[in-house]
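Q: Dropping the structure in here first, questions after.
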Amino acid sequence: MKQSIFLKQAKPLIATILGIAFLVLILFLLYDGVAEYGQIVTMLMASILLLGYSVSFEIDSRRNHKKHFKLFGYTLFKKRLTCISPDYISVFSAVFKKDSEWGPVAAMGSQTRKGTYVIRFFKGNEYFTIWQCDSLPLANAKASALGRLLNIEVRLSG
């Protein structure tokens, strides 16, 4: 019997910021009455896409994993997820750094740092990050569920 677990991936913060900025801009343009109907509709569609899209990994007991592209929770399309067939699953704390590459923040040489808990598949020296979250108990629970689903050893972080 096919069983699967869905792991919703984190959306970049910039997507949410741009979606909200488009909505605010639409409100200003409607108030002033200076924009054409086509411009408003285009900006509204872009805002809806930015705010409503998500990516989820479907991990299948038969190892037919899928990557789902969703809009407000409904799958628009899916494709095969190319990941390793793991020897074991590990949960640990990680800090991710990202350089700010646009605007005046880049000139200051700023970096954003985010600490999260990560679930990774390991096979030899290879790994595949399957999910990130801010809660250790939640990460341990998801990893344990994945281990039972795939019948694989899980190394939990304590």
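Following the order of the structure tokens, chains are lettered A, B, ..., residues in each are numbered from 1, and ligands are numbered from 1.
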Applying 9 Å and only C-alpha atoms, which residues near Arg80 (chain A) remain after dropping the ones on its own chain fewer than 5 positions away? List them as JSON, numbers by chain.
A: {"A": [64, 65, 66, 67, 68]}
Q: Check the DSSP output for the backbone and give back, as a list in words, the residues of region 3-51 of chain A in strand (DSSP E).
A: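 Going through region 3-51 of chain A, the strand (DSSP E) residues come out as Ser4, Ile5, Phe6, Leu7 and Lys8 of chain A.
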Q: Looking at only C-alpha atoms, which of A:Val95, A:Leu50, A:Val41, A:Val34 is the one that sits closest to Ala21 (chain A)?
A: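 Closest candidate: A:Leu50.
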Q: Give the answer as one residue: which of A:Lys78, A:Leu29, A:Leu51, A:Pro86 has the shortest atom-to-atom distance to Leu13 (chain A), using only C-alpha atoms?
A: A:Leu51
Q: CA of Gly147 (chain A) and CA of Lys2 (chain A), how far apart in Å?
A: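 That distance, rounded to one decimal, is 15.2 Å.
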Q: In Å to one decimal, how far is CA of Ser54 (chain A) from CA of Phe92 (chain A)?
A: 24.1 Å
Q: Just give me the gap between CA of Ile20 (chain A) and CA of Leu138 (chain A) in Å, one decimal is fine.
A: 28.8 Å
Q: Would you please work out which residue, of A:Ile17, A:Ala145, A:Leu25, A:Asp87, is nearest to Gly124 (chain A) when using only C-alpha atoms?
A: A:Asp87
